[in-house]
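Chemist: Structure file protein.cif (mmCIF, C-alpha atoms) is given on the next line.
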```
data_work
#
loop_
_atom_site.group_PDB
_atom_site.id
_atom_site.type_symbol
_atom_site.label_atom_id
_atom_site.label_comp_id
_atom_site.auth_asym_id
_atom_site.auth_seq_id
_atom_site.Cartn_x
_atom_site.Cartn_y
_atom_site.Cartn_z
ATOM 1 C CA MET A 21 -15.918 -19.566 8.304
ATOM 2 C CA LYS A 22 -12.539 -21.067 7.343
ATOM 3 C CA GLU A 23 -12.729 -19.544 3.871
ATOM 4 C CA LEU A 24 -13.576 -16.144 5.312
ATOM 5 C CA LEU A 25 -10.723 -16.373 7.792
ATOM 6 C CA ARG A 26 -8.278 -17.435 5.083
ATOM 7 C CA ARG A 27 -9.434 -14.587 2.822
ATOM 8 C CA GLU A 28 -9.140 -11.910 5.518
ATOM 9 C CA TRP A 29 -5.748 -13.244 6.597
ATOM 10 C CA HIS A 30 -4.528 -13.044 2.992
ATOM 11 C CA ILE A 31 -5.851 -9.472 2.597
ATOM 12 C CA LYS A 32 -4.035 -8.354 5.747
ATOM 13 C CA ARG A 33 -0.787 -9.943 4.648
ATOM 14 C CA GLN A 34 -1.054 -8.329 1.215
ATOM 15 C CA GLY A 35 -1.755 -4.888 2.688
ATOM 16 C CA ALA A 36 1.116 -4.850 5.165
ATOM 17 C CA VAL A 37 1.675 -1.113 4.796
ATOM 18 C CA SER A 38 -1.854 -0.259 5.959
ATOM 19 C CA TRP A 39 -1.482 -2.049 9.301
ATOM 20 C CA LEU A 40 2.165 -1.104 9.832
ATOM 21 C CA TYR A 41 1.345 2.628 9.933
ATOM 22 C CA PRO A 42 -0.594 2.405 13.240
ATOM 23 C CA LEU A 43 2.239 0.391 14.803
ATOM 24 C CA VAL A 44 4.769 3.009 13.692
ATOM 25 C CA LEU A 45 2.535 5.729 15.154
ATOM 26 C CA PHE A 46 2.386 3.840 18.450
ATOM 27 C CA LEU A 47 6.163 3.518 18.557
ATOM 28 C CA LEU A 48 6.642 7.201 17.751
ATOM 29 C CA ILE A 49 4.289 8.334 20.519
ATOM 30 C CA ILE A 50 5.748 6.206 23.302
ATOM 31 C CA THR A 51 9.300 7.038 22.162
ATOM 32 C CA LEU A 52 8.805 10.802 21.907
ATOM 33 C CA PHE A 53 6.690 11.116 25.046
ATOM 34 C CA PRO A 54 9.615 10.633 27.497
ATOM 35 C CA LEU A 55 11.683 13.115 25.488
ATOM 36 C CA ALA A 56 8.911 15.703 25.722
ATOM 37 C CA ILE A 57 8.255 15.478 29.464
ATOM 38 C CA GLY A 58 11.842 15.043 30.614
ATOM 39 C CA ALA A 59 13.873 12.312 32.241
ATOM 40 C CA GLU A 60 12.543 12.595 35.798
ATOM 41 C CA PRO A 61 11.995 8.929 36.793
ATOM 42 C CA ALA A 62 9.052 9.610 39.109
ATOM 43 C CA THR A 63 7.206 11.648 36.461
ATOM 44 C CA LEU A 64 7.836 9.056 33.768
ATOM 45 C CA LEU A 65 6.608 6.257 35.996
ATOM 46 C CA ARG A 66 3.458 8.157 36.959
ATOM 47 C CA LEU A 67 2.541 8.898 33.341
ATOM 48 C CA ALA A 68 3.575 5.565 31.808
ATOM 49 C CA SER A 69 0.173 3.838 31.659
ATOM 50 C CA SER A 70 -1.616 6.972 30.442
ATOM 51 C CA ALA A 71 0.976 7.649 27.739
ATOM 52 C CA VAL A 72 0.922 4.080 26.451
ATOM 53 C CA TRP A 73 -2.880 3.941 26.441
ATOM 54 C CA ILE A 74 -3.149 7.247 24.576
ATOM 55 C CA ALA A 75 -0.793 5.758 21.985
ATOM 56 C CA VAL A 76 -2.967 2.634 21.836
ATOM 57 C CA LEU A 77 -6.100 4.704 21.349
ATOM 58 C CA LEU A 78 -4.652 6.823 18.552
ATOM 59 C CA SER A 79 -3.060 3.883 16.759
ATOM 60 C CA LEU A 80 -6.322 1.892 16.771
ATOM 61 C CA VAL A 81 -8.328 4.829 15.414
ATOM 62 C CA MET A 82 -5.801 5.507 12.650
ATOM 63 C CA GLY A 83 -6.845 3.905 9.369
ATOM 64 C CA ILE A 84 -10.065 2.439 10.757
ATOM 65 C CA GLU A 85 -12.025 4.413 8.144
ATOM 66 C CA GLU A 86 -10.686 2.006 5.490
ATOM 67 C CA LEU A 87 -11.900 -1.085 7.329
ATOM 68 C CA PHE A 88 -15.064 -1.538 5.221
ATOM 69 C CA ARG A 89 -14.826 1.113 2.501
ATOM 70 C CA PRO A 90 -12.833 -0.937 -0.076
ATOM 71 C CA ASP A 91 -15.391 -3.767 0.063
ATOM 72 C CA PHE A 92 -18.210 -1.232 -0.156
ATOM 73 C CA ASP A 93 -16.665 0.423 -3.214
ATOM 74 C CA ASN A 94 -15.645 -2.720 -5.126
ATOM 75 C CA GLY A 95 -18.966 -4.506 -4.671
ATOM 76 C CA THR A 96 -17.869 -7.217 -2.230
ATOM 77 C CA LEU A 97 -20.419 -6.066 0.339
ATOM 78 C CA ALA A 98 -23.180 -6.080 -2.289
ATOM 79 C CA GLN A 99 -22.290 -9.655 -3.262
ATOM 80 C CA LEU A 100 -22.428 -10.761 0.363
ATOM 81 C CA VAL A 101 -25.852 -9.198 0.882
ATOM 82 C CA VAL A 102 -27.329 -10.464 -2.400
ATOM 83 C CA SER A 103 -25.971 -13.995 -1.930
ATOM 84 C CA GLY A 104 -27.560 -14.235 1.503
ATOM 85 C CA ALA A 105 -24.226 -14.792 3.239
ATOM 86 C CA SER A 106 -23.935 -13.970 6.934
ATOM 87 C CA VAL A 107 -22.732 -10.381 6.994
ATOM 88 C CA PRO A 108 -22.296 -10.395 10.828
ATOM 89 C CA THR A 109 -19.978 -13.405 10.505
ATOM 90 C CA TRP A 110 -17.926 -11.634 7.838
ATOM 91 C CA VAL A 111 -17.745 -8.503 10.015
ATOM 92 C CA ALA A 112 -16.695 -10.545 13.074
ATOM 93 C CA VAL A 113 -13.927 -12.336 11.152
ATOM 94 C CA ARG A 114 -12.653 -9.080 9.661
ATOM 95 C CA LEU A 115 -12.577 -7.393 13.066
ATOM 96 C CA TRP A 116 -10.824 -10.356 14.691
ATOM 97 C CA VAL A 117 -8.069 -10.393 12.066
ATOM 98 C CA HIS A 118 -7.744 -6.609 12.269
ATOM 99 C CA TRP A 119 -7.475 -6.797 16.068
ATOM 100 C CA LEU A 120 -4.750 -9.429 15.818
ATOM 101 C CA PHE A 121 -2.656 -7.283 13.450
ATOM 102 C CA SER A 122 -3.186 -4.109 15.465
ATOM 103 C CA ALA A 123 -3.891 -4.464 19.179
ATOM 104 C CA GLY A 124 -2.224 -7.865 19.367
ATOM 105 C CA PHE A 125 1.095 -6.422 18.198
ATOM 106 C CA VAL A 126 0.610 -3.257 20.243
ATOM 107 C CA ALA A 127 0.235 -5.327 23.429
ATOM 108 C CA VAL A 128 3.654 -6.847 22.732
ATOM 109 C CA LEU A 129 5.202 -3.473 21.861
ATOM 110 C CA SER A 130 3.868 -2.015 25.123
ATOM 111 C CA PHE A 131 6.710 -3.778 26.944
ATOM 112 C CA LEU A 132 8.961 -1.045 25.558
ATOM 113 C CA ALA A 133 7.557 1.001 28.441
ATOM 114 C CA ILE A 134 9.962 -0.910 30.707
ATOM 115 C CA PRO A 135 13.114 0.834 29.386
ATOM 116 C CA LEU A 136 11.401 4.034 28.185
ATOM 117 C CA PHE A 137 9.399 4.807 31.343
ATOM 118 C CA ASN A 138 11.317 2.744 33.921
ATOM 119 C CA LEU A 139 8.140 0.701 34.370
ATOM 120 C CA PRO A 140 8.501 -2.373 36.630
ATOM 121 C CA THR A 141 8.002 -5.694 34.869
ATOM 122 C CA ASN A 142 4.900 -6.590 36.892
ATOM 123 C CA ASP A 143 3.277 -3.277 35.992
ATOM 124 C CA ALA A 144 4.226 -3.774 32.349
ATOM 125 C CA LEU A 145 2.514 -7.159 32.403
ATOM 126 C CA MET A 146 -0.614 -5.552 33.859
ATOM 127 C CA LEU A 147 -0.449 -2.848 31.212
ATOM 128 C CA ALA A 148 -0.202 -5.392 28.395
ATOM 129 C CA LEU A 149 -3.093 -7.352 29.924
ATOM 130 C CA SER A 150 -5.215 -4.204 30.073
ATOM 131 C CA ILE A 151 -4.529 -3.609 26.369
ATOM 132 C CA VAL A 152 -5.579 -7.165 25.481
ATOM 133 C CA VAL A 153 -8.733 -6.855 27.590
ATOM 134 C CA GLY A 154 -9.747 -3.300 26.664
ATOM 135 C CA SER A 155 -8.701 -3.018 23.016
ATOM 136 C CA PRO A 156 -11.591 -5.146 21.635
ATOM 137 C CA MET A 157 -14.069 -2.559 22.906
ATOM 138 C CA LEU A 158 -11.987 0.252 21.407
ATOM 139 C CA LEU A 159 -11.933 -1.539 18.072
ATOM 140 C CA MET A 160 -15.670 -2.272 18.079
ATOM 141 C CA LEU A 161 -16.537 1.353 18.818
ATOM 142 C CA SER A 162 -14.173 2.541 16.088
ATOM 143 C CA ALA A 163 -15.670 0.043 13.639
ATOM 144 C CA ILE A 164 -19.201 1.263 14.402
ATOM 145 C CA ALA A 165 -18.082 4.844 13.768
ATOM 146 C CA SER A 166 -16.411 3.741 10.526
ATOM 147 C CA SER A 167 -19.570 2.024 9.276
ATOM 148 C CA LEU A 168 -21.697 5.081 10.120
ATOM 149 C CA THR A 169 -19.545 7.342 7.935
ATOM 150 C CA LEU A 170 -19.164 4.879 5.074
ATOM 151 C CA THR A 171 -21.215 6.857 2.557
ATOM 152 C CA LEU A 172 -19.710 10.245 3.445
ATOM 153 C CA LYS A 173 -16.876 11.830 1.473
ATOM 154 C CA ASN A 174 -15.068 13.136 4.563
ATOM 155 C CA GLY A 175 -15.693 10.057 6.687
ATOM 156 C CA ALA A 176 -12.048 9.794 7.728
ATOM 157 C CA VAL A 177 -12.356 13.103 9.581
ATOM 158 C CA LEU A 178 -15.598 12.173 11.320
ATOM 159 C CA VAL A 179 -14.599 8.711 12.545
ATOM 160 C CA PRO A 180 -12.320 9.945 15.378
ATOM 161 C CA LEU A 181 -14.862 12.615 16.350
ATOM 162 C CA ILE A 182 -17.553 9.945 16.738
ATOM 163 C CA ALA A 183 -15.427 7.203 18.275
ATOM 164 C CA LEU A 184 -13.175 9.054 20.745
ATOM 165 C CA PRO A 185 -15.909 10.311 23.125
ATOM 166 C CA MET A 186 -17.268 6.753 23.419
ATOM 167 C CA GLN A 187 -13.779 5.360 23.980
ATOM 168 C CA LEU A 188 -12.810 7.636 26.875
ATOM 169 C CA PRO A 189 -14.397 5.362 29.549
ATOM 170 C CA VAL A 190 -12.272 2.484 28.267
ATOM 171 C CA LEU A 191 -9.166 4.632 28.663
ATOM 172 C CA ILE A 192 -10.189 5.634 32.193
ATOM 173 C CA PHE A 193 -10.914 2.075 33.342
ATOM 174 C CA ALA A 194 -7.766 0.623 31.757
ATOM 175 C CA THR A 195 -5.355 3.194 33.171
ATOM 176 C CA GLY A 196 -7.174 3.015 36.520
ATOM 177 C CA ALA A 197 -6.608 -0.738 36.724
ATOM 178 C CA VAL A 198 -2.896 -0.352 35.983
ATOM 179 C CA ASP A 199 -2.524 2.509 38.480
ATOM 180 C CA LEU A 200 -4.265 0.484 41.206
ATOM 181 C CA HIS A 201 -1.913 -2.411 40.546
ATOM 182 C CA SER A 202 1.158 -0.157 40.655
ATOM 183 C CA THR A 203 0.137 1.186 44.088
ATOM 184 C CA GLY A 204 -0.236 -2.317 45.515
ATOM 185 C CA LEU A 205 -4.026 -2.474 45.293
ATOM 186 C CA ASN A 206 -6.118 -4.994 43.380
ATOM 187 C CA GLY A 207 -6.794 -3.741 39.879
ATOM 188 C CA LEU A 208 -8.331 -6.995 38.655
ATOM 189 C CA PRO A 209 -11.983 -6.060 39.496
ATOM 190 C CA THR A 210 -11.652 -2.938 37.351
ATOM 191 C CA LEU A 211 -10.044 -5.012 34.620
ATOM 192 C CA ALA A 212 -12.869 -7.556 34.916
ATOM 193 C CA LEU A 213 -15.460 -4.826 34.316
ATOM 194 C CA LEU A 214 -13.501 -3.725 31.271
ATOM 195 C CA GLY A 215 -13.357 -7.309 30.052
ATOM 196 C CA ALA A 216 -17.109 -7.712 30.480
ATOM 197 C CA GLY A 217 -17.654 -4.607 28.372
ATOM 198 C CA SER A 218 -15.337 -5.961 25.677
ATOM 199 C CA ILE A 219 -17.159 -9.305 25.611
ATOM 200 C CA LEU A 220 -20.515 -7.567 25.190
ATOM 201 C CA ALA A 221 -19.056 -5.347 22.467
ATOM 202 C CA VAL A 222 -17.612 -8.342 20.605
ATOM 203 C CA ILE A 223 -20.970 -10.161 20.732
ATOM 204 C CA ILE A 224 -23.235 -7.248 19.815
ATOM 205 C CA SER A 225 -21.118 -5.061 17.509
ATOM 206 C CA PRO A 226 -20.945 -7.397 14.458
ATOM 207 C CA PHE A 227 -24.744 -7.420 14.243
ATOM 208 C CA VAL A 228 -24.949 -3.642 14.695
ATOM 209 C CA ILE A 229 -22.257 -3.035 12.079
ATOM 210 C CA ALA A 230 -23.838 -5.530 9.665
ATOM 211 C CA GLY A 231 -27.159 -3.709 9.935
ATOM 212 C CA ILE A 232 -25.497 -0.346 9.274
ATOM 213 C CA LEU A 233 -23.586 -1.749 6.284
ATOM 214 C CA LYS A 234 -26.773 -3.173 4.773
ATOM 215 C CA MET A 235 -28.517 0.173 5.129
ATOM 216 C CA ALA A 236 -25.527 1.921 3.535
ATOM 217 C CA TRP A 237 -25.618 -0.542 0.626
ATOM 218 C CA ALA A 238 -29.407 -0.118 0.197
ATOM 219 C CA ASP A 239 -28.997 3.653 -0.055
#
```
Kindly transcribe the structure held in the file into structure tokens.
Modeler:
Amino acid sequence: MKELLRREWHIKRQGAVSWLYPLVLFLLIITLFPLAIGAEPATLLRLASSAVWIAVLLSLVMGIEELFRPDFDNGTLAQLVVSGASVPTWVAVRLWVHWLFSAGFVAVLSFLAIPLFNLPTNDALMLALSIVVGSPMLLMLSAIASSLTLTLKNGAVLVPLIALPMQLPVLIFATGAVDLHSTGLNGLPTLALLGAGSILAVIISPFVIAGILKMAWAD
């Protein structure tokens, strides 16, 4: 486990450009959104959580097609399968490191909504918490879509088409929790449901993805 974690951490650090692109996309969306809809404070405040979560969704989907393809092409996946190593463990470690370099940073960058959307600090904290709680499920669904299109030439086009419909409930629950909190109601039960879904996704998805990767390698 430690060797896998060290290897994935090194790969992420070496490929800084690949994980910086989604962060730049996130920053562009939340920066340009207020300019597009105008400077009306009430409108900006009402759309803040939705705008930030749309940026989160698009930034997490971007580049996900390359999550497993390099290891599939260079034979790393074949070596793991032939050697009898735990493919689900490798998938789980890779996804955890990828989440840390993507959604982890995005949760911090979401506090830019305070000056850009005039979002109160308490609501910004709830928004960041919703990203931390909901983003694992987004990532797992995107990773499943990425593994399904691994052997296809135009897989990068198909990944968003497969993943986005499954991710819409996450977007609805997350923005709903933040909106409830901003109106003085308790958004934690909604956030708890989202967290339960993320926990289930984190537990189940590595095994599902590992099975799909093995079938792709066998073909």
Chemist: Hey, could you make a per-residue contact list for segment 107-155 of chain A against segment 206-229 of chain A with 6 Å as the cut-off, showing the nearest pair of atoms and its distance in Å to one decimal, counting all atoms listed in the file, sorted by chain and number, as CSV?
Modeler:
```
residue,atom,partner,partner_atom,distance
A:Pro108,CA,A:Pro226,CA,4.9
A:Val111,CA,A:Pro226,CA,5.6
A:Ala112,CA,A:Pro226,CA,5.5
A:Val153,CA,A:Gly215,CA,5.3
A:Gly154,CA,A:Leu214,CA,6.0
```
Chemist: Kindly give the distance, in Å, that separates atom CA of Met235 of chain A and atom CA of Phe88 of chain A, rounded to a single decimal.
Modeler: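 Going from atom CA of Met235 of chain A over to atom CA of Phe88 of chain A, I get 13.6 Å.
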Chemist: Going by the chain IDs and residue numbers used in this file, which residues fall under the PyMOL selection byres ((chain A and resi 98-106) around 10)? Write them as an NGL selection string.
Modeler: :A and (21 or 91-97 or 107-111 or 227 or 230 or 233-234 or 237-238)
Chemist: Tell me which residues the PyMOL selection byres ((chain A and resi 85) around 9) grabs here, as a VMD selection string.
Modeler: chain A and resid 81 to 84 86 to 89 162 to 163 165 to 167 169 to 170 175 to 177 179
Chemist: Between A:Ser130, A:Asn138, A:Ser70, A:Thr203, which is the closest to Leu188 of chain A once you count all atoms listed in the file?
Modeler: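 The closest residue to Leu188 of chain A is A:Ser70.
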Chemist: Which polymer residues have any atom within 9 Å of an atom of segment 118-126 of chain A, counting all atoms listed in the file, with same-chain residues fewer than 2 positions away left out, as a ChimeraX atom specification?
Modeler: /A:28-29,32,39-40,42-43,46-47,76,79-80,87,113-116,128-130,148,151-152,155-156,159
Chemist: Produce a file of the selected residues containing C-alpha atoms, as a PDB file, keeping the file's coordinate frame.
Modeler:
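File produced: part02.pdb:
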```pdb
ATOM      1  CA  GLU A  28      -9.140 -11.910   5.518  1.00  0.00           C
ATOM      2  CA  TRP A  29      -5.748 -13.244   6.597  1.00  0.00           C
ATOM      3  CA  LYS A  32      -4.035  -8.354   5.747  1.00  0.00           C
ATOM      4  CA  TRP A  39      -1.482  -2.049   9.301  1.00  0.00           C
ATOM      5  CA  LEU A  40       2.165  -1.104   9.832  1.00  0.00           C
ATOM      6  CA  PRO A  42      -0.594   2.405  13.240  1.00  0.00           C
ATOM      7  CA  LEU A  43       2.239   0.391  14.803  1.00  0.00           C
ATOM      8  CA  PHE A  46       2.386   3.840  18.450  1.00  0.00           C
ATOM      9  CA  LEU A  47       6.163   3.518  18.557  1.00  0.00           C
ATOM     10  CA  VAL A  76      -2.967   2.634  21.836  1.00  0.00           C
ATOM     11  CA  SER A  79      -3.060   3.883  16.759  1.00  0.00           C
ATOM     12  CA  LEU A  80      -6.322   1.892  16.771  1.00  0.00           C
ATOM     13  CA  LEU A  87     -11.900  -1.085   7.329  1.00  0.00           C
ATOM     14  CA  VAL A 113     -13.927 -12.336  11.152  1.00  0.00           C
ATOM     15  CA  ARG A 114     -12.653  -9.080   9.661  1.00  0.00           C
ATOM     16  CA  LEU A 115     -12.577  -7.393  13.066  1.00  0.00           C
ATOM     17  CA  TRP A 116     -10.824 -10.356  14.691  1.00  0.00           C
ATOM     18  CA  VAL A 128       3.654  -6.847  22.732  1.00  0.00           C
ATOM     19  CA  LEU A 129       5.202  -3.473  21.861  1.00  0.00           C
ATOM     20  CA  SER A 130       3.868  -2.015  25.123  1.00  0.00           C
ATOM     21  CA  ALA A 148      -0.202  -5.392  28.395  1.00  0.00           C
ATOM     22  CA  ILE A 151      -4.529  -3.609  26.369  1.00  0.00           C
ATOM     23  CA  VAL A 152      -5.579  -7.165  25.481  1.00  0.00           C
ATOM     24  CA  SER A 155      -8.701  -3.018  23.016  1.00  0.00           C
ATOM     25  CA  PRO A 156     -11.591  -5.146  21.635  1.00  0.00           C
ATOM     26  CA  LEU A 159     -11.933  -1.539  18.072  1.00  0.00           C
TER      27      LEU A 159
END
```
Chemist: Measuring between all atoms listed in the file, which one of A:Ala133, A:Leu67, A:Leu191, A:Ile182 shows the shortest distance to Leu158 of chain A?
Modeler: A:Leu191
Chemist: Compare A:Leu200, A:Ile192, A:Leu205, A:Leu178 by their minimum atom-to-atom distance to Trp73 of chain A, counting only C-alpha atoms, and give me the closest one.
Modeler: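 Distance minimum relative to Trp73 of chain A lands on A:Ile192.
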Chemist: So what do you get for atom CA of Ala127 of chain A versus atom CA of Ala144 of chain A, distance-wise?
Modeler: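 These atoms are spaced 9.9 Å apart.
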Chemist: Name the closest residue to Val198 of chain A among the candidates A:Leu77, A:Ile134, A:Leu64, A:Met146; distances are taken between atoms, counting all atoms listed in the file.
Modeler: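 The closest residue to Val198 of chain A is A:Met146.
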Chemist: In Å to one decimal, how far is atom CA of Leu168 of chain A from atom CA of Thr195 of chain A?
Modeler: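 Between atom CA of Thr195 of chain A and atom CA of Leu168 of chain A the gap works out to 28.3 Å.
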Chemist: Rank A:Leu45, A:Ala197, A:Val72, A:Ala236 by their smallest atom-to-atom distance to Leu172 of chain A, using all atoms listed in the file, and report the top residue only.
Modeler: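 Looking at the shortest contact to Leu172 of chain A, the residue is A:Ala236.
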Chemist: May I have the centre and edge lengths, in Å to one decimal, of an axis-aligned box around the listed atoms of segment 160-166 of chain A with 3 Å added to every side, as AutoDock Vina command-line options?
Modeler:
```
--center_x -16.7 --center_y 1.3 --center_z 14.7 --size_x 11.0 --size_y 13.1 --size_z 14.3
```
Chemist: Kindly indicate which residue among A:Pro90, A:Ile232, A:Phe137, A:Ser150 lies nearest to Thr51 of chain A, using all atoms listed in the file for the distances.
Modeler: A:Phe137
